[in-house]
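> File name query_7.csv; file contents CSV, C-alpha atoms; full text below.
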chain,number,residue,atom,x,y,z
D,1,MET,CA,0.0,0.0,0.0
D,2,ASN,CA,2.8,2.4,1.0
D,3,GLU,CA,4.7,1.4,-2.1
D,4,ASN,CA,1.7,2.3,-4.4
D,5,MET,CA,1.3,5.6,-2.7
D,6,GLU,CA,4.9,6.4,-3.0
D,7,GLN,CA,4.8,5.4,-6.7
D,8,LEU,CA,1.8,7.7,-7.3
D,9,ILE,CA,3.4,10.6,-5.5
D,10,SER,CA,6.6,10.1,-7.5
D,11,GLN,CA,4.7,10.0,-10.8
D,12,ALA,CA,2.4,13.0,-9.9
D,13,PRO,CA,4.7,15.6,-11.5
D,14,GLU,CA,4.9,13.6,-14.7
D,15,TYR,CA,1.1,13.2,-14.8
D,16,MET,CA,0.5,16.9,-14.1
D,17,ALA,CA,3.0,17.9,-16.8
D,18,THR,CA,1.4,15.6,-19.3
D,19,TYR,CA,-2.3,16.1,-18.6
D,20,GLY,CA,-1.9,19.7,-17.5
D,21,ILE,CA,-0.7,20.7,-20.9
D,22,LYS,CA,-3.5,18.8,-22.5
D,23,ILE,CA,-6.1,20.4,-20.3
D,24,LEU,CA,-4.6,23.8,-20.9
D,25,LEU,CA,-4.6,23.3,-24.6
D,26,ALA,CA,-8.2,22.0,-24.4
D,27,ILE,CA,-9.3,25.2,-22.6
D,28,VAL,CA,-7.5,27.4,-25.1
D,29,ILE,CA,-9.1,25.4,-28.0
D,30,PHE,CA,-12.6,25.8,-26.4
D,31,PHE,CA,-12.5,29.5,-25.8
D,32,VAL,CA,-10.7,30.4,-29.1
D,33,GLY,CA,-13.1,28.1,-31.0
D,34,LYS,CA,-16.1,29.6,-29.2
D,35,TRP,CA,-14.9,33.1,-30.2
D,36,LEU,CA,-14.4,32.1,-33.8
D,37,ALA,CA,-17.8,30.5,-33.9
D,38,ARG,CA,-19.5,33.6,-32.6
D,39,THR,CA,-17.4,35.9,-34.9
D,40,LEU,CA,-18.3,33.8,-38.0
D,41,ALA,CA,-22.0,33.7,-37.0
D,42,ASN,CA,-22.1,37.4,-36.5
D,43,LEU,CA,-20.4,38.1,-39.8
D,44,LEU,CA,-23.0,35.9,-41.5
D,45,ASN,CA,-25.8,37.8,-39.7
D,46,LYS,CA,-24.3,41.2,-40.9
D,47,GLY,CA,-24.0,39.9,-44.4
D,48,MET,CA,-27.6,38.8,-44.6
D,49,ALA,CA,-28.7,42.1,-43.0
D,50,ALA,CA,-26.7,44.0,-45.7
D,51,ARG,CA,-28.6,42.0,-48.4
D,52,GLY,CA,-32.0,42.9,-46.9
D,53,VAL,CA,-32.7,39.4,-45.5
D,54,GLU,CA,-35.7,39.4,-43.2
D,55,ALA,CA,-34.5,39.9,-39.6
D,56,THR,CA,-36.2,36.8,-38.1
D,57,ILE,CA,-34.7,34.5,-40.7
D,58,ALA,CA,-31.3,36.1,-40.3
D,59,ARG,CA,-31.2,35.6,-36.6
D,60,PHE,CA,-32.4,32.0,-36.9
D,61,THR,CA,-29.7,31.2,-39.4
D,62,ARG,CA,-27.1,33.0,-37.3
D,63,ASN,CA,-28.0,30.9,-34.2
D,64,LEU,CA,-28.1,27.7,-36.3
D,65,VAL,CA,-24.6,28.2,-37.6
D,66,TYR,CA,-23.2,29.3,-34.2
D,67,TYR,CA,-24.5,26.2,-32.4
D,68,ALA,CA,-23.3,23.9,-35.2
D,69,LEU,CA,-19.8,25.4,-35.0
D,70,LEU,CA,-19.9,25.3,-31.2
D,71,THR,CA,-20.7,21.5,-31.3
D,72,ILE,CA,-17.6,20.9,-33.5
D,73,VAL,CA,-15.5,23.0,-31.0
D,74,ILE,CA,-16.7,20.9,-28.1
D,75,ILE,CA,-15.9,17.6,-29.9
D,76,VAL,CA,-12.4,18.8,-30.7
D,77,THR,CA,-11.9,20.0,-27.1
D,78,LEU,CA,-12.9,16.6,-25.7
D,79,GLY,CA,-10.6,14.8,-28.2
D,80,GLN,CA,-7.7,17.0,-27.0
D,81,ILE,CA,-8.3,15.8,-23.4
D,82,GLY,CA,-8.1,12.2,-24.6
D,83,ILE,CA,-11.8,11.4,-24.5
D,84,GLN,CA,-12.9,9.1,-27.3
D,85,THR,CA,-15.4,11.3,-29.4
D,86,ALA,CA,-16.4,8.7,-31.9
D,87,SER,CA,-19.3,7.6,-29.7
D,88,PHE,CA,-20.4,11.2,-29.2
D,89,VAL,CA,-20.4,11.8,-33.0
D,90,ALA,CA,-22.5,8.7,-33.5
D,91,ILE,CA,-25.0,9.7,-30.9
D,92,ILE,CA,-25.2,13.3,-32.4
D,93,GLY,CA,-25.7,11.8,-35.8
D,94,ALA,CA,-28.4,9.4,-34.7
D,95,ALA,CA,-30.2,12.2,-32.8
D,96,GLY,CA,-29.9,14.5,-35.8
D,97,LEU,CA,-31.4,11.8,-38.1
D,98,ALA,CA,-34.3,11.2,-35.6
D,99,VAL,CA,-35.0,14.9,-35.3
D,100,GLY,CA,-34.8,15.3,-39.1
D,101,LEU,CA,-37.3,12.6,-39.7
D,102,ALA,CA,-39.6,13.9,-37.0
D,103,LEU,CA,-39.4,17.5,-38.4
D,104,GLN,CA,-39.1,16.8,-42.1
D,105,GLY,CA,-42.1,19.0,-42.9
D,106,SER,CA,-40.8,21.9,-40.9
D,107,LEU,CA,-37.3,21.4,-42.4
D,108,ALA,CA,-38.8,21.5,-45.9
D,109,ASN,CA,-40.5,24.7,-45.0
D,110,PHE,CA,-37.3,26.2,-43.7
D,111,ALA,CA,-35.4,25.1,-46.8
D,112,ALA,CA,-38.1,26.7,-48.9
D,113,GLY,CA,-37.7,29.9,-46.9
D,114,VAL,CA,-34.0,29.9,-47.6
D,115,LEU,CA,-34.7,29.6,-51.3
D,116,LEU,CA,-37.2,32.5,-51.1
D,117,ILE,CA,-34.5,34.6,-49.5
D,118,ALA,CA,-31.9,33.5,-52.1
D,119,PHE,CA,-34.0,34.0,-55.2
D,120,ARG,CA,-36.3,36.7,-53.9
D,121,PRO,CA,-39.3,36.1,-56.3
D,122,PHE,CA,-41.2,38.7,-54.3
D,123,LYS,CA,-40.8,41.1,-51.3
D,124,VAL,CA,-43.1,42.5,-48.6
D,125,GLY,CA,-45.7,44.7,-50.2
D,126,ASP,CA,-45.8,42.9,-53.6
D,127,PHE,CA,-49.2,41.6,-54.9
D,128,VAL,CA,-48.6,38.0,-55.7
D,129,GLU,CA,-50.4,34.8,-56.5
D,130,ALA,CA,-48.8,31.8,-54.7
D,131,GLY,CA,-49.9,28.7,-53.0
D,132,GLY,CA,-53.4,29.0,-54.5
D,133,THR,CA,-54.0,32.4,-53.0
D,134,ALA,CA,-53.7,35.9,-54.3
D,135,GLY,CA,-52.8,38.8,-52.0
D,136,VAL,CA,-50.3,41.4,-50.8
D,137,VAL,CA,-47.2,39.9,-49.1
D,138,HIS,CA,-47.4,41.0,-45.5
D,139,GLU,CA,-44.6,38.9,-43.9
D,140,ILE,CA,-42.0,36.3,-44.9
D,141,SER,CA,-41.1,34.3,-41.8
D,142,ILE,CA,-38.9,31.3,-41.3
D,143,PHE,CA,-41.5,28.6,-42.1
D,144,SER,CA,-44.4,30.5,-43.7
D,145,THR,CA,-45.4,33.5,-45.8
D,146,ILE,CA,-48.4,35.7,-44.8
D,147,LEU,CA,-50.6,37.3,-47.4
D,148,LYS,CA,-53.4,39.9,-47.0
D,149,THR,CA,-56.2,39.3,-49.5
D,150,GLY,CA,-58.2,42.1,-51.2
D,151,ASP,CA,-61.1,41.6,-48.7
D,152,ASN,CA,-58.6,41.9,-45.8
D,153,LYS,CA,-58.3,38.2,-44.9
D,154,THR,CA,-54.9,36.9,-43.5
D,155,VAL,CA,-53.7,33.8,-45.3
D,156,ILE,CA,-50.7,31.9,-43.9
D,157,ILE,CA,-49.1,29.7,-46.5
D,158,SER,CA,-46.2,27.2,-45.7
D,159,ASN,CA,-43.0,28.2,-47.6
D,160,ALA,CA,-43.0,24.7,-49.1
D,161,GLY,CA,-46.4,25.3,-50.5
D,162,VAL,CA,-45.2,28.6,-52.0
D,163,MET,CA,-42.1,27.1,-53.6
D,164,GLY,CA,-44.0,24.0,-54.7
D,165,GLY,CA,-46.1,25.8,-57.3
D,166,ASN,CA,-46.1,28.7,-59.7
D,167,ILE,CA,-45.5,32.2,-58.3
D,168,THR,CA,-47.0,35.1,-60.2
D,169,ASN,CA,-45.8,38.5,-59.1
D,170,TYR,CA,-48.0,41.3,-60.3
D,171,SER,CA,-45.9,44.1,-58.8
D,172,THR,CA,-42.5,43.4,-60.5
D,173,GLU,CA,-43.1,45.5,-63.5
D,174,PRO,CA,-44.2,49.2,-63.3
D,175,GLN,CA,-46.7,48.8,-66.2
D,176,ARG,CA,-49.3,46.1,-67.0
D,177,ARG,CA,-51.5,45.3,-70.0
D,178,VAL,CA,-55.3,45.2,-69.5
D,179,ASP,CA,-57.0,42.7,-71.8
D,180,PHE,CA,-60.6,42.7,-72.8
D,181,VAL,CA,-62.7,40.4,-75.0
D,182,VAL,CA,-65.6,42.4,-76.4
D,183,GLY,CA,-68.4,40.5,-78.2
D,184,VAL,CA,-70.7,42.2,-80.7
D,185,GLY,CA,-73.5,41.0,-82.9
D,186,TYR,CA,-73.0,39.8,-86.4
D,187,SER,CA,-75.1,42.7,-87.7
D,188,ALA,CA,-72.7,45.3,-86.0
D,189,ASP,CA,-70.6,47.6,-88.1
D,190,LEU,CA,-67.1,46.4,-87.3
D,191,ASP,CA,-65.4,49.8,-88.3
D,192,LYS,CA,-67.8,51.5,-85.9
D,193,VAL,CA,-66.9,49.1,-83.1
D,194,ARG,CA,-63.2,49.8,-83.7
D,195,LYS,CA,-63.8,53.6,-83.6
D,196,GLU,CA,-65.7,53.4,-80.3
D,197,LEU,CA,-63.0,51.3,-78.7
D,198,GLU,CA,-60.3,53.7,-79.9
D,199,ALA,CA,-62.3,56.6,-78.5
D,200,ILE,CA,-62.6,54.9,-75.1
D,201,ALA,CA,-58.8,54.5,-74.9
D,202,ALA,CA,-58.1,58.0,-76.1
D,203,GLU,CA,-60.3,59.6,-73.5
D,204,ASP,CA,-58.7,57.9,-70.6
D,205,SER,CA,-55.6,59.7,-69.4
D,206,ARG,CA,-54.4,56.7,-67.5
D,207,VAL,CA,-53.9,54.7,-70.7
D,208,ILE,CA,-50.2,54.8,-71.8
D,209,ALA,CA,-50.5,55.6,-75.5
D,210,ASP,CA,-46.8,55.1,-76.2
D,211,ARG,CA,-47.2,51.4,-75.5
D,212,GLY,CA,-49.8,51.1,-78.3
D,213,ILE,CA,-53.4,49.9,-78.4
D,214,THR,CA,-54.5,46.5,-79.8
D,215,ILE,CA,-57.9,46.2,-81.4
D,216,GLY,CA,-58.7,43.2,-83.6
D,217,VAL,CA,-61.1,40.5,-84.4
D,218,SER,CA,-60.1,37.4,-82.5
D,219,GLU,CA,-62.9,35.0,-83.2
D,220,LEU,CA,-66.1,34.5,-85.2
D,221,ALA,CA,-68.0,32.7,-82.4
D,222,ASP,CA,-71.4,31.0,-82.5
D,223,SER,CA,-73.4,34.1,-81.6
D,224,SER,CA,-70.9,37.0,-81.6
D,225,VAL,CA,-67.9,38.6,-83.3
D,226,ASN,CA,-65.3,38.8,-80.6
D,227,PHE,CA,-62.8,41.7,-80.5
D,228,VAL,CA,-59.6,41.8,-78.4
D,229,PHE,CA,-59.0,45.1,-76.9
D,230,ARG,CA,-55.7,45.6,-75.1
D,231,ILE,CA,-54.4,48.8,-73.4
D,232,TRP,CA,-51.3,49.5,-71.2
D,233,VAL,CA,-51.6,51.3,-67.8
D,234,ASP,CA,-49.5,51.8,-64.7
D,235,THR,CA,-49.6,48.8,-62.4
D,236,ALA,CA,-51.3,50.8,-59.7
D,237,ASP,CA,-54.1,51.8,-62.1
D,238,TYR,CA,-54.8,48.3,-63.4
D,239,TRP,CA,-58.1,47.4,-61.5
D,240,ALA,CA,-59.5,50.9,-61.7
D,241,VAL,CA,-59.0,51.1,-65.5
D,242,TYR,CA,-60.4,47.5,-65.9
D,243,PHE,CA,-63.6,48.3,-64.1
D,244,ASP,CA,-64.1,51.7,-65.6
D,245,THR,CA,-63.4,50.5,-69.2
D,246,ASN,CA,-66.0,47.7,-68.9
D,247,GLU,CA,-68.6,50.2,-67.9
D,248,LYS,CA,-67.6,52.6,-70.6
D,249,ILE,CA,-67.9,49.9,-73.3
D,250,LYS,CA,-71.4,49.1,-72.2
D,251,LYS,CA,-72.5,52.7,-72.1
D,252,ARG,CA,-70.9,53.8,-75.4
D,253,PHE,CA,-72.1,50.7,-77.3
D,254,ASP,CA,-75.7,51.3,-76.1
D,255,ALA,CA,-75.5,54.9,-77.2
D,256,ALA,CA,-74.0,54.0,-80.6
D,257,GLY,CA,-76.6,51.2,-81.2
D,258,ILE,CA,-74.0,48.4,-81.1
D,259,GLU,CA,-75.6,45.2,-79.9
D,260,ILE,CA,-73.7,43.1,-77.3
D,261,PRO,CA,-75.2,39.6,-77.7
D,262,PHE,CA,-76.2,37.5,-74.7
D,263,PRO,CA,-77.4,33.9,-74.5
D,264,GLN,CA,-81.0,33.4,-75.6
D,265,MET,CA,-83.4,30.5,-75.8
D,266,ASP,CA,-86.3,30.4,-78.3
D,267,VAL,CA,-89.3,28.3,-77.1
D,268,HIS,CA,-91.7,27.0,-79.7
D,269,VAL,CA,-95.1,25.8,-78.5
D,270,THR,CA,-97.1,23.5,-80.9
D,271,GLN,CA,-100.8,23.2,-80.3
D,272,GLN,CA,-102.4,19.9,-81.2
Could you render the structure as structure tokens?


Amino acid sequence: MNENMEQLISQAPEYMATYGIKILLAIVIFFVGKWLARTLANLLNKGMAARGVEATIARFTRNLVYYALLTIVIIVTLGQIGIQTASFVAIIGAAGLAVGLALQGSLANFAAGVLLIAFRPFKVGDFVEAGGTAGVVHEISIFSTILKTGDNKTVIISNAGVMGGNITNYSTEPQRRVDFVVGVGYSADLDKVRKELEAIAAEDSRVIADRGITIGVSELADSSVNFVFRIWVDTADYWAVYFDTNEKIKKRFDAAGIEIPFPQMDVHVTQQ
């Protein structure tokens, strides 16, 4: 017993020198690695902020990167002390796989949110059609996009649903074309119809004349001659011009005696 104690006491300086250096290096590795992880995460956060990335997503990404780097630092620190880290890596990998399978829907939404940030098909304030809903983009969060519809309903769409289909952004271009299909009777004077449509476009100051006006016969239908009538307006004026022009067409055609056909049914009664 005394011999063992004496042996341990005699070897103590050697153990302290060997393991003391390892522990000291491990402490240095941990704190330096932690500082590097925080610095890199903060640089990433500043870079995303400079590019206009939504603040919530930027913070979430920053924290995700920081904790991933910190996990690597801890594993390297434990390895420096002499602890076998292979089992820790296996446990972390298995836990990550289990969490990934359990949250695959949420992870898909997060990945779609990252794609929305990277490609920026729309921004807050744009009027878009996405995920089967049309409305103004109110918020782009980590897992979902919030739209405000024209009748002031709030629609929350998962980012995976947004990226999984077509996205139509009506606010990208400063000008839009308004398309009409105008049907007139076969007895109508086509030149007169053309002049009335030209007059409607000329009288509206919101119509951009430089972009041109399209008026032409598109179809000889079963009960009508169909004209296409296309004019260009500022995007903000689209719906106002659309509604006003439909009303003007009806009023001017009535005043000019131009028939607008509508479905009719003739009933013949035979007396026996």

> Extract, using only C-alpha atoms, all DNA, RNA and protein residues at most 8 Å from Asn45 (chain D), discarding same-chain residues fewer than 5 positions from it, and format them as a list in words.

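My reading of the contact set: Ala58, Arg59, Thr61 and Arg62 of chain D.
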
> Any idea what the distance is between CA of Ala202 (chain D) and CA of Pro174 (chain D)?

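For CA of Ala202 (chain D) relative to CA of Pro174 (chain D), the distance reads 20.8 Å.
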
> Do you know which residues are at most 12 Å from Leu43 (chain D) counting only C-alpha atoms, after dropping those on the same chain fewer than 3 positions away, and could you put them as a PyMOL selection string?

chain D and resi 36-40+46-50+58-59+61-63+65-66

> Tell me which protein, DNA and RNA residues are within 9 Å of Leu190 (chain D), counting all atoms listed in the file, leaving out same-chain ones fewer than 6 positions away, and put them as an MDAnalysis selection string.

chainID D and resid 184 217 225

> Can you tell me how far CA of Arg230 (chain D) sits from CA of Lys250 (chain D), in Å to one decimal?

16.3 Å

> With 12 Å as the threshold, what does the neighbourhood of (-54.1, 48.3, -64.9) contain in terms of residues, counting all atoms listed in the file? Coordinates are those of the file; answer as a PDB file with C-alpha atoms, in the coordinates of the input.


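Output contents, as saved in point37.pdb:
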ATOM      1  CA  TYR D 170     -48.000  41.300 -60.300  1.00  0.00           C
ATOM      2  CA  SER D 171     -45.900  44.100 -58.800  1.00  0.00           C
ATOM      3  CA  GLU D 173     -43.100  45.500 -63.500  1.00  0.00           C
ATOM      4  CA  PRO D 174     -44.200  49.200 -63.300  1.00  0.00           C
ATOM      5  CA  GLN D 175     -46.700  48.800 -66.200  1.00  0.00           C
ATOM      6  CA  ARG D 176     -49.300  46.100 -67.000  1.00  0.00           C
ATOM      7  CA  ARG D 177     -51.500  45.300 -70.000  1.00  0.00           C
ATOM      8  CA  VAL D 178     -55.300  45.200 -69.500  1.00  0.00           C
ATOM      9  CA  ASP D 179     -57.000  42.700 -71.800  1.00  0.00           C
ATOM     10  CA  PHE D 180     -60.600  42.700 -72.800  1.00  0.00           C
ATOM     11  CA  ARG D 206     -54.400  56.700 -67.500  1.00  0.00           C
ATOM     12  CA  VAL D 207     -53.900  54.700 -70.700  1.00  0.00           C
ATOM     13  CA  ILE D 208     -50.200  54.800 -71.800  1.00  0.00           C
ATOM     14  CA  ARG D 230     -55.700  45.600 -75.100  1.00  0.00           C
ATOM     15  CA  ILE D 231     -54.400  48.800 -73.400  1.00  0.00           C
ATOM     16  CA  TRP D 232     -51.300  49.500 -71.200  1.00  0.00           C
ATOM     17  CA  VAL D 233     -51.600  51.300 -67.800  1.00  0.00           C
ATOM     18  CA  ASP D 234     -49.500  51.800 -64.700  1.00  0.00           C
ATOM     19  CA  THR D 235     -49.600  48.800 -62.400  1.00  0.00           C
ATOM     20  CA  ALA D 236     -51.300  50.800 -59.700  1.00  0.00           C
ATOM     21  CA  ASP D 237     -54.100  51.800 -62.100  1.00  0.00           C
ATOM     22  CA  TYR D 238     -54.800  48.300 -63.400  1.00  0.00           C
ATOM     23  CA  TRP D 239     -58.100  47.400 -61.500  1.00  0.00           C
ATOM     24  CA  ALA D 240     -59.500  50.900 -61.700  1.00  0.00           C
ATOM     25  CA  VAL D 241     -59.000  51.100 -65.500  1.00  0.00           C
ATOM     26  CA  TYR D 242     -60.400  47.500 -65.900  1.00  0.00           C
ATOM     27  CA  PHE D 243     -63.600  48.300 -64.100  1.00  0.00           C
ATOM     28  CA  ASP D 244     -64.100  51.700 -65.600  1.00  0.00           C
ATOM     29  CA  THR D 245     -63.400  50.500 -69.200  1.00  0.00           C
TER      30      THR D 245
END

> Please indicate the distance in Å from CA of Gly125 (chain D) to CA of Gly150 (chain D), rounded to one decimal place.

12.8 Å

> Near Gly161 (chain D), within 6 Å and counting only C-alpha atoms, which residues show up once chain neighbours fewer than 3 positions away are dropped, as a PyMOL selection string?

chain D and resi 131+158+164

> Of the candidates D:Thr168, D:Asn152, D:Ser205, D:Asn159, which one gets nearest to Ala112 (chain D) if we count all atoms listed in the file?

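Of D:Thr168, D:Asn152, D:Ser205, D:Asn159, the one nearest Ala112 (chain D), counting all atoms listed in the file, is D:Asn159.
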
> Starting from the point (-47.1, 43.1, -48.4), work out which residues of protein, DNA or RNA have an atom no more than 6 Å away when counting all atoms listed in the file; state them as a list in words.

Val124, Gly125, Asp126, Val136, Val137 and His138 of chain D

> Keeping only C-alpha atoms, write those residues as a tab-separated table (two decimals), in the frame of the given file.


chain	number	residue	atom	x	y	z
D	124	VAL	CA	-43.10	42.50	-48.60
D	125	GLY	CA	-45.70	44.70	-50.20
D	126	ASP	CA	-45.80	42.90	-53.60
D	136	VAL	CA	-50.30	41.40	-50.80
D	137	VAL	CA	-47.20	39.90	-49.10
D	138	HIS	CA	-47.40	41.00	-45.50

> Would you mind telling me which residue in D:Val181, D:Leu70, D:Ile75, D:Ile260 lies nearest to Glu219 (chain D) when using only C-alpha atoms?

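The closest residue to Glu219 (chain D) is D:Val181.
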
> Hey, which of D:Leu69, D:Ala160, D:Leu25, D:Val269 ends up closest to Ala111 (chain D)? Count only C-alpha atoms.

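Result for the nearest residue to Ala111 (chain D): D:Ala160.
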
> Using all atoms listed in the file, which residue out of D:Ser223, D:Ser218, D:Ser141, D:Thr77 lies closest to Leu24 (chain D)?

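Closest to Leu24 (chain D) of all the choices is D:Thr77.
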
> Taking only C-alpha atoms into account, which of D:Ile74, D:Asn166, D:Ile140, D:Ala256 comes nearest Arg194 (chain D)?

D:Ala256
